[in-house]
Each structure stands twice: as structure tokens, then as C-alpha cells.
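The next block holds one structure in the form of C-alpha cells; read it before the comments.
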Amino acid sequence: MRALGRGQGLAGVLLVAVVALAGVFAGLLSSYDPLAQIPGANLLGPSAQHWLGTDHLNRDVAARVLAGIRINLLIVLIAVPVGAAIGSLIGLVATAHPIADVTVQRLFDLILAFPTLILGIALAAIAGPGWHAVVIVIIAAEIPLFGRQIRAAVLTVREQPFVEASEVIGADTWWTLRKHLLPNVIEPLAVQFALSLSIAVFIEGAMSFIGIGVVAPQPSLGSLIAASIANLDANPWIAIGPLVVVSALTLGFLLIAQALGRARRLA
């Protein structure tokens, strides 16, 4: 974790921390209800009362952006760990048998060949749009990424002399996995996890932007950007606010992933 204490890693951590803290303490940073309409406050520009102005429905934009941060992070922090756990388990178990390995890899190929947004549209058509659709799509997108990551790591590590030595002395499979394989695959999985968080932020924003993600009136970063298009001339901050947040989150997680990846290569 030293990589996160300097350079790109530190910059990424600070970006994500600032955005996350803004979402956590949204109630302290804004006194307005993100769903409430304010009488006479139609498309106002930024001011001391409304940092990012108001939208076409007289709602405080800053309050809605802060609420959107919480919803975005909640979705991402639920979906990515679940996808990581399922994908890692499938990838790990599949390496135990050649036929299972080939079958799982072809299944991963099928999932990866299917565009994420097309999957989201299909799911929304069946189950309806909402945060649950975003979570399921992100999980589905992450499973093959983590499955292949842990498969590659396991295939590499299990050929090492210390693994062969443990087998020679009679160690069982689960002991070898726990003591030798898992500690050595944590680093590549950590890199993939940070990268997947960046991807998940984008997926949530894209699905909500095209109307198959978080349903109005609940704010999400993607839906806020979509709603701002018709009112950019009156108040461009309706779009600038959520765009800055999405960019900061995506860049922050990406910088963390790059720092972890560089530290792993230099180790």
C-alpha cells in the first residue's frame, strides 16, 4: 500500500476521498432537500444560497449532485465487490479441472463479447429500469474480468517451486491455496478492483444518462447530466457539477489502479 502514499496513488486517493466525503456529509454541505422544489427559484445561476444554481424544476443543483454521489458510490460499492467475489470464485474453482476451465473461459468470452449497455437495455426491458438494473449489469461485467485475472495469477503461481514443494511434502489443495496461492494473487486482484471501480462509475453514469438506470426523481450523476442538456444556456452548472464529479471519481480510481499496477511491476 506504499504506492497509495505518494505520486499518482496519493492523488487518486485524495480525489476519491474528497468526492466520497462530500457525499457522506451531504446533509451538512447543503441544507436543501434534493427532491424539493423551491418557490421562485427557476434556473437560477450560482450564488451563495445555491452553489450550482437551480434546475428547471426549481431544485437545488448542488444538493442533487451530492445526493447523486451517494447513490453512485452505493451502487458501485455493492456491485463491484459482489462481481469480484463471484468472478474470483468461479475462476479459482475452474482451474482445478481442464474441462471446467475451458467451459468457463468460453462463457467469459460470451459475456465480454456482449456490449455492457446493450445488456443494460435488455435487462431494463425485462425487469424495468432502476438501480437494481445497474447493479446487475455491473456485476455481470465484472465477473469475467476477475475470473480471468485470478485464473492467470493461479496458473502462474502454482508453477512456482514453493508450490511444488508444498505438494511434495503432502500438503492438501486447500492448504496450498490458503498459504501460497491466495497471498500471491491479492496484488493483481487489487489492481483490477481499483480499475473496475473506475469502470463501474462510468457504467452507472452511462445507464442513467440514457434513462435505464436510476429512475427520476431520485438523482444520479448520469441522469443529472442528461437532464441538463435542455437548459445549458440558462445554467451550464447543471451539467458542469455532475461532470466534474464523474471525472474526479473515474480519474481517482484509475490513478489508484495505475499506482498499484506500477508498484506490482517494480516489486
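Identifiers in the C-alpha cells: chain A, B, ... in order shown; residue index from 1 per chain; ligand index from 1 in order shown.
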
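The shell of residues at most 10 Å from Gln192 of chain A, with only C-alpha atoms counted and near chain neighbours (fewer than 2 positions) removed, consists of Ala84, Glu142, Leu145, Phe146, Gln149, Ile150, Ile186, Glu187, Pro188, Leu189, Ala190, Ala194, Leu195, Ser196, Leu197, Ser198, Ala257, Gln258, Leu260 and Gly261 of chain A.
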
Please produce an output containing N, CA, C and O atoms for each residue in the selection, written as a compact mmCIF listing (two decimals), in the first residue's frame.
# COMPACT_ATOMS: atom_id res chain seq x y z
N ALA A 84 -16.65 -9.12 -8.08
CA ALA A 84 -15.29 -9.60 -7.83
C ALA A 84 -15.30 -10.94 -7.11
O ALA A 84 -14.55 -11.86 -7.47
N GLU A 142 -18.25 -7.44 -14.39
CA GLU A 142 -17.04 -7.67 -13.59
C GLU A 142 -16.68 -9.14 -13.44
O GLU A 142 -15.50 -9.47 -13.26
N LEU A 145 -13.94 -10.39 -15.80
CA LEU A 145 -12.68 -9.68 -15.59
C LEU A 145 -11.92 -10.26 -14.41
O LEU A 145 -10.71 -10.54 -14.48
N PHE A 146 -12.62 -10.47 -13.30
CA PHE A 146 -11.97 -11.02 -12.11
C PHE A 146 -11.69 -12.51 -12.29
O PHE A 146 -10.68 -13.03 -11.80
N GLN A 149 -8.62 -12.77 -14.33
CA GLN A 149 -7.48 -12.25 -13.58
C GLN A 149 -6.96 -13.29 -12.59
O GLN A 149 -5.75 -13.56 -12.53
N ILE A 150 -7.86 -13.89 -11.83
CA ILE A 150 -7.40 -14.86 -10.83
C ILE A 150 -6.94 -16.14 -11.50
O ILE A 150 -6.02 -16.82 -11.02
N ILE A 186 -3.40 -11.63 -4.50
CA ILE A 186 -4.07 -10.45 -3.94
C ILE A 186 -3.70 -9.18 -4.69
O ILE A 186 -4.55 -8.34 -4.99
N GLU A 187 -2.42 -9.03 -5.02
CA GLU A 187 -1.97 -7.79 -5.68
C GLU A 187 -2.62 -7.58 -7.04
O GLU A 187 -3.16 -6.50 -7.31
N PRO A 188 -2.60 -8.58 -7.95
CA PRO A 188 -3.29 -8.34 -9.23
C PRO A 188 -4.78 -8.11 -9.08
O PRO A 188 -5.37 -7.33 -9.84
N LEU A 189 -5.40 -8.76 -8.09
CA LEU A 189 -6.82 -8.54 -7.86
C LEU A 189 -7.09 -7.13 -7.34
O LEU A 189 -8.11 -6.52 -7.67
N ALA A 190 -6.18 -6.59 -6.53
CA ALA A 190 -6.33 -5.23 -6.01
C ALA A 190 -6.27 -4.22 -7.16
O ALA A 190 -7.03 -3.24 -7.19
N ALA A 194 -9.51 -1.74 -8.30
CA ALA A 194 -9.48 -0.29 -8.46
C ALA A 194 -9.90 0.11 -9.86
O ALA A 194 -10.66 1.08 -10.06
N LEU A 195 -9.43 -0.63 -10.87
CA LEU A 195 -9.81 -0.34 -12.25
C LEU A 195 -11.30 -0.57 -12.47
O LEU A 195 -11.97 0.21 -13.16
N SER A 196 -11.83 -1.61 -11.85
CA SER A 196 -13.25 -1.92 -12.00
C SER A 196 -14.14 -0.86 -11.35
O SER A 196 -15.24 -0.58 -11.83
N LEU A 197 -13.68 -0.27 -10.26
CA LEU A 197 -14.45 0.82 -9.65
C LEU A 197 -14.56 1.99 -10.61
O LEU A 197 -15.63 2.61 -10.72
N SER A 198 -13.48 2.28 -11.33
CA SER A 198 -13.50 3.35 -12.32
C SER A 198 -14.49 3.03 -13.43
O SER A 198 -15.29 3.88 -13.85
N ALA A 257 -5.43 2.55 -9.55
CA ALA A 257 -5.12 1.30 -10.26
C ALA A 257 -3.75 1.37 -10.91
O ALA A 257 -2.97 0.41 -10.86
N GLN A 258 -3.43 2.51 -11.53
CA GLN A 258 -2.12 2.66 -12.18
C GLN A 258 -0.99 2.61 -11.15
O GLN A 258 0.06 2.00 -11.41
N LEU A 260 -1.01 1.10 -8.19
CA LEU A 260 -0.89 -0.27 -7.70
C LEU A 260 -0.23 -1.16 -8.75
O LEU A 260 0.60 -2.02 -8.42
N GLY A 261 -0.59 -0.96 -10.02
CA GLY A 261 0.00 -1.75 -11.09
C GLY A 261 1.49 -1.48 -11.25
O GLY A 261 2.28 -2.40 -11.44

Compile the contact shell of segment 61-74 of chain A as an NGL selection string: residues with an atom at most 10 Å away, counting only C-alpha atoms, same-chain residues fewer than 5 positions apart removed. :A and (19-27 or 29-36 or 43-46 or 50-56 or 79 or 131 or 134-135 or 197 or 200-202 or 204-205 or 214 or 217-225 or 237-239 or 241-243 or 245-246 or 249)

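In this structure, atom CA of Ile143 of chain A sits 19.0 Å away from atom CA of Leu254 of chain A.
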
Just the residues within 8 Å of Leu255 of chain A, please, counting only C-alpha atoms, with nothing from its chain fewer than 4 positions along; format it as a PyMOL selection string. chain A and resi 8-9+11-12+251+259

Save out the residues we just selected, all heavy atoms, as a PDB file, in the first residue's frame.
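File produced: part38.pdb:
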ATOM      1  N   GLN A   8       0.940   9.375  -8.089  1.00  0.00           N
ATOM      2  CA  GLN A   8      -0.371   9.107  -8.658  1.00  0.00           C
ATOM      3  C   GLN A   8      -1.321   8.477  -7.648  1.00  0.00           C
ATOM      4  O   GLN A   8      -2.511   8.819  -7.606  1.00  0.00           O
ATOM      5  CB  GLN A   8      -0.232   8.173  -9.864  1.00  0.00           C
ATOM      6  CG  GLN A   8       0.284   8.829 -11.127  1.00  0.00           C
ATOM      7  CD  GLN A   8       0.270   7.852 -12.287  1.00  0.00           C
ATOM      8  OE1 GLN A   8       0.410   6.650 -12.118  1.00  0.00           O
ATOM      9  NE2 GLN A   8       0.092   8.384 -13.487  1.00  0.00           N
ATOM     10  N   GLY A   9      -0.800   7.543  -6.866  1.00  0.00           N
ATOM     11  CA  GLY A   9      -1.651   6.872  -5.887  1.00  0.00           C
ATOM     12  C   GLY A   9      -2.255   7.836  -4.891  1.00  0.00           C
ATOM     13  O   GLY A   9      -3.454   7.782  -4.602  1.00  0.00           O
ATOM     14  N   ALA A  11      -2.661  11.087  -5.277  1.00  0.00           N
ATOM     15  CA  ALA A  11      -3.602  11.963  -5.986  1.00  0.00           C
ATOM     16  C   ALA A  11      -4.944  11.268  -6.187  1.00  0.00           C
ATOM     17  O   ALA A  11      -6.009  11.870  -6.005  1.00  0.00           O
ATOM     18  CB  ALA A  11      -3.012  12.376  -7.336  1.00  0.00           C
ATOM     19  N   GLY A  12      -4.906   9.983  -6.551  1.00  0.00           N
ATOM     20  CA  GLY A  12      -6.140   9.230  -6.729  1.00  0.00           C
ATOM     21  C   GLY A  12      -6.920   9.080  -5.442  1.00  0.00           C
ATOM     22  O   GLY A  12      -8.145   9.258  -5.427  1.00  0.00           O
ATOM     23  N   LEU A 251     -11.212   9.323 -12.666  1.00  0.00           N
ATOM     24  CA  LEU A 251      -9.768   9.571 -12.675  1.00  0.00           C
ATOM     25  C   LEU A 251      -9.120   9.090 -11.386  1.00  0.00           C
ATOM     26  O   LEU A 251      -8.024   8.510 -11.412  1.00  0.00           O
ATOM     27  CB  LEU A 251      -9.506  11.062 -12.874  1.00  0.00           C
ATOM     28  CG  LEU A 251      -8.031  11.499 -12.880  1.00  0.00           C
ATOM     29  CD1 LEU A 251      -7.274  10.806 -14.016  1.00  0.00           C
ATOM     30  CD2 LEU A 251      -7.927  13.019 -13.011  1.00  0.00           C
ATOM     31  N   ALA A 259      -1.189   3.247 -10.009  1.00  0.00           N
ATOM     32  CA  ALA A 259      -0.156   3.243  -8.974  1.00  0.00           C
ATOM     33  C   ALA A 259       0.068   1.834  -8.429  1.00  0.00           C
ATOM     34  O   ALA A 259       1.210   1.401  -8.235  1.00  0.00           O
ATOM     35  CB  ALA A 259      -0.548   4.198  -7.845  1.00  0.00           C
TER      36      ALA A 259
END

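Residues with any atom within 12 Å of Ile118 of chain A, counting only C-alpha atoms and excluding same-chain neighbours fewer than 2 positions away, are Ile111, Leu112, Ala113, Phe114, Pro115, Thr116, Gly120, Ile121, Ala122, Leu123, Ala124, Ala125, Val137, Ala141, Ile203, Ala206, Met207, Ile210 and Ile212 of chain A.
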
With N, CA, C and O atoms kept, could you save the residues just selected as a PDB file, in the first residue's frame?
ATOM      1  N   ILE A 111     -19.756 -13.366 -22.413  1.00  0.00           N
ATOM      2  CA  ILE A 111     -20.146 -12.178 -21.646  1.00  0.00           C
ATOM      3  C   ILE A 111     -19.373 -10.950 -22.124  1.00  0.00           C
ATOM      4  O   ILE A 111     -19.943  -9.864 -22.309  1.00  0.00           O
ATOM      5  N   LEU A 112     -18.073 -11.109 -22.337  1.00  0.00           N
ATOM      6  CA  LEU A 112     -17.240  -9.985 -22.757  1.00  0.00           C
ATOM      7  C   LEU A 112     -17.579  -9.522 -24.167  1.00  0.00           C
ATOM      8  O   LEU A 112     -17.366  -8.346 -24.516  1.00  0.00           O
ATOM      9  N   ALA A 113     -18.109 -10.413 -24.993  1.00  0.00           N
ATOM     10  CA  ALA A 113     -18.466 -10.041 -26.363  1.00  0.00           C
ATOM     11  C   ALA A 113     -19.774  -9.257 -26.420  1.00  0.00           C
ATOM     12  O   ALA A 113     -20.086  -8.630 -27.438  1.00  0.00           O
ATOM     13  N   PHE A 114     -20.521  -9.297 -25.312  1.00  0.00           N
ATOM     14  CA  PHE A 114     -21.821  -8.618 -25.265  1.00  0.00           C
ATOM     15  C   PHE A 114     -21.625  -7.210 -24.721  1.00  0.00           C
ATOM     16  O   PHE A 114     -21.216  -7.054 -23.576  1.00  0.00           O
ATOM     17  N   PRO A 115     -21.905  -6.154 -25.504  1.00  0.00           N
ATOM     18  CA  PRO A 115     -21.706  -4.773 -25.023  1.00  0.00           C
ATOM     19  C   PRO A 115     -22.482  -4.512 -23.726  1.00  0.00           C
ATOM     20  O   PRO A 115     -23.641  -4.900 -23.600  1.00  0.00           O
ATOM     21  N   THR A 116     -21.831  -3.843 -22.799  1.00  0.00           N
ATOM     22  CA  THR A 116     -22.426  -3.627 -21.477  1.00  0.00           C
ATOM     23  C   THR A 116     -23.736  -2.854 -21.543  1.00  0.00           C
ATOM     24  O   THR A 116     -24.720  -3.204 -20.880  1.00  0.00           O
ATOM     25  N   GLY A 120     -27.549  -3.787 -20.486  1.00  0.00           N
ATOM     26  CA  GLY A 120     -28.371  -2.939 -19.621  1.00  0.00           C
ATOM     27  C   GLY A 120     -29.731  -2.658 -20.227  1.00  0.00           C
ATOM     28  O   GLY A 120     -30.758  -2.689 -19.531  1.00  0.00           O
ATOM     29  N   ILE A 121     -29.770  -2.387 -21.530  1.00  0.00           N
ATOM     30  CA  ILE A 121     -31.047  -2.123 -22.205  1.00  0.00           C
ATOM     31  C   ILE A 121     -31.931  -3.366 -22.169  1.00  0.00           C
ATOM     32  O   ILE A 121     -33.138  -3.282 -21.911  1.00  0.00           O
ATOM     33  N   ALA A 122     -31.339  -4.530 -22.418  1.00  0.00           N
ATOM     34  CA  ALA A 122     -32.108  -5.779 -22.395  1.00  0.00           C
ATOM     35  C   ALA A 122     -32.668  -6.046 -21.001  1.00  0.00           C
ATOM     36  O   ALA A 122     -33.844  -6.420 -20.848  1.00  0.00           O
ATOM     37  N   LEU A 123     -31.849  -5.836 -19.979  1.00  0.00           N
ATOM     38  CA  LEU A 123     -32.301  -6.064 -18.610  1.00  0.00           C
ATOM     39  C   LEU A 123     -33.394  -5.082 -18.212  1.00  0.00           C
ATOM     40  O   LEU A 123     -34.381  -5.454 -17.569  1.00  0.00           O
ATOM     41  N   ALA A 124     -33.230  -3.811 -18.613  1.00  0.00           N
ATOM     42  CA  ALA A 124     -34.238  -2.800 -18.289  1.00  0.00           C
ATOM     43  C   ALA A 124     -35.560  -3.104 -18.979  1.00  0.00           C
ATOM     44  O   ALA A 124     -36.639  -2.833 -18.433  1.00  0.00           O
ATOM     45  N   ALA A 125     -35.485  -3.677 -20.182  1.00  0.00           N
ATOM     46  CA  ALA A 125     -36.700  -4.029 -20.902  1.00  0.00           C
ATOM     47  C   ALA A 125     -37.448  -5.166 -20.212  1.00  0.00           C
ATOM     48  O   ALA A 125     -38.685  -5.234 -20.251  1.00  0.00           O
ATOM     49  N   VAL A 137     -26.003  -5.300 -14.017  1.00  0.00           N
ATOM     50  CA  VAL A 137     -25.158  -5.134 -15.197  1.00  0.00           C
ATOM     51  C   VAL A 137     -23.687  -5.011 -14.804  1.00  0.00           C
ATOM     52  O   VAL A 137     -22.809  -5.610 -15.432  1.00  0.00           O
ATOM     53  N   ALA A 141     -20.659  -7.557 -15.748  1.00  0.00           N
ATOM     54  CA  ALA A 141     -19.477  -7.069 -16.459  1.00  0.00           C
ATOM     55  C   ALA A 141     -18.186  -7.392 -15.717  1.00  0.00           C
ATOM     56  O   ALA A 141     -17.136  -7.604 -16.351  1.00  0.00           O
ATOM     57  N   ILE A 203     -20.209   3.102 -16.020  1.00  0.00           N
ATOM     58  CA  ILE A 203     -21.392   2.322 -16.402  1.00  0.00           C
ATOM     59  C   ILE A 203     -22.645   2.906 -15.765  1.00  0.00           C
ATOM     60  O   ILE A 203     -23.679   3.065 -16.422  1.00  0.00           O
ATOM     61  N   ALA A 206     -23.501   6.140 -17.538  1.00  0.00           N
ATOM     62  CA  ALA A 206     -24.000   5.931 -18.899  1.00  0.00           C
ATOM     63  C   ALA A 206     -25.423   5.381 -18.891  1.00  0.00           C
ATOM     64  O   ALA A 206     -26.281   5.823 -19.667  1.00  0.00           O
ATOM     65  N   MET A 207     -25.702   4.397 -18.013  1.00  0.00           N
ATOM     66  CA  MET A 207     -27.048   3.826 -17.969  1.00  0.00           C
ATOM     67  C   MET A 207     -28.078   4.845 -17.497  1.00  0.00           C
ATOM     68  O   MET A 207     -29.187   4.918 -18.040  1.00  0.00           O
ATOM     69  N   ILE A 210     -28.909   7.470 -20.301  1.00  0.00           N
ATOM     70  CA  ILE A 210     -29.839   7.086 -21.372  1.00  0.00           C
ATOM     71  C   ILE A 210     -31.190   6.623 -20.824  1.00  0.00           C
ATOM     72  O   ILE A 210     -32.042   6.157 -21.583  1.00  0.00           O
ATOM     73  N   ILE A 212     -31.986   4.233 -18.375  1.00  0.00           N
ATOM     74  CA  ILE A 212     -32.251   2.863 -17.950  1.00  0.00           C
ATOM     75  C   ILE A 212     -31.586   2.572 -16.608  1.00  0.00           C
ATOM     76  O   ILE A 212     -31.476   1.420 -16.198  1.00  0.00           O
TER      77      ILE A 212
END

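Here the question is which of A:Ile126, A:Val215, A:Val82, A:Ile199 gets nearest to Gly252 of chain A using only C-alpha atoms, and that residue is A:Ile199.
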
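Across the structure, atom CA of Ala153 of chain A and atom CA of Val185 of chain A are spaced 5.7 Å apart.
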
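Across A:Ile256, A:Ile138, A:Ala152, A:Leu89, the tightest approach to Leu119 of chain A is made by A:Ile138 when counting only C-alpha atoms.
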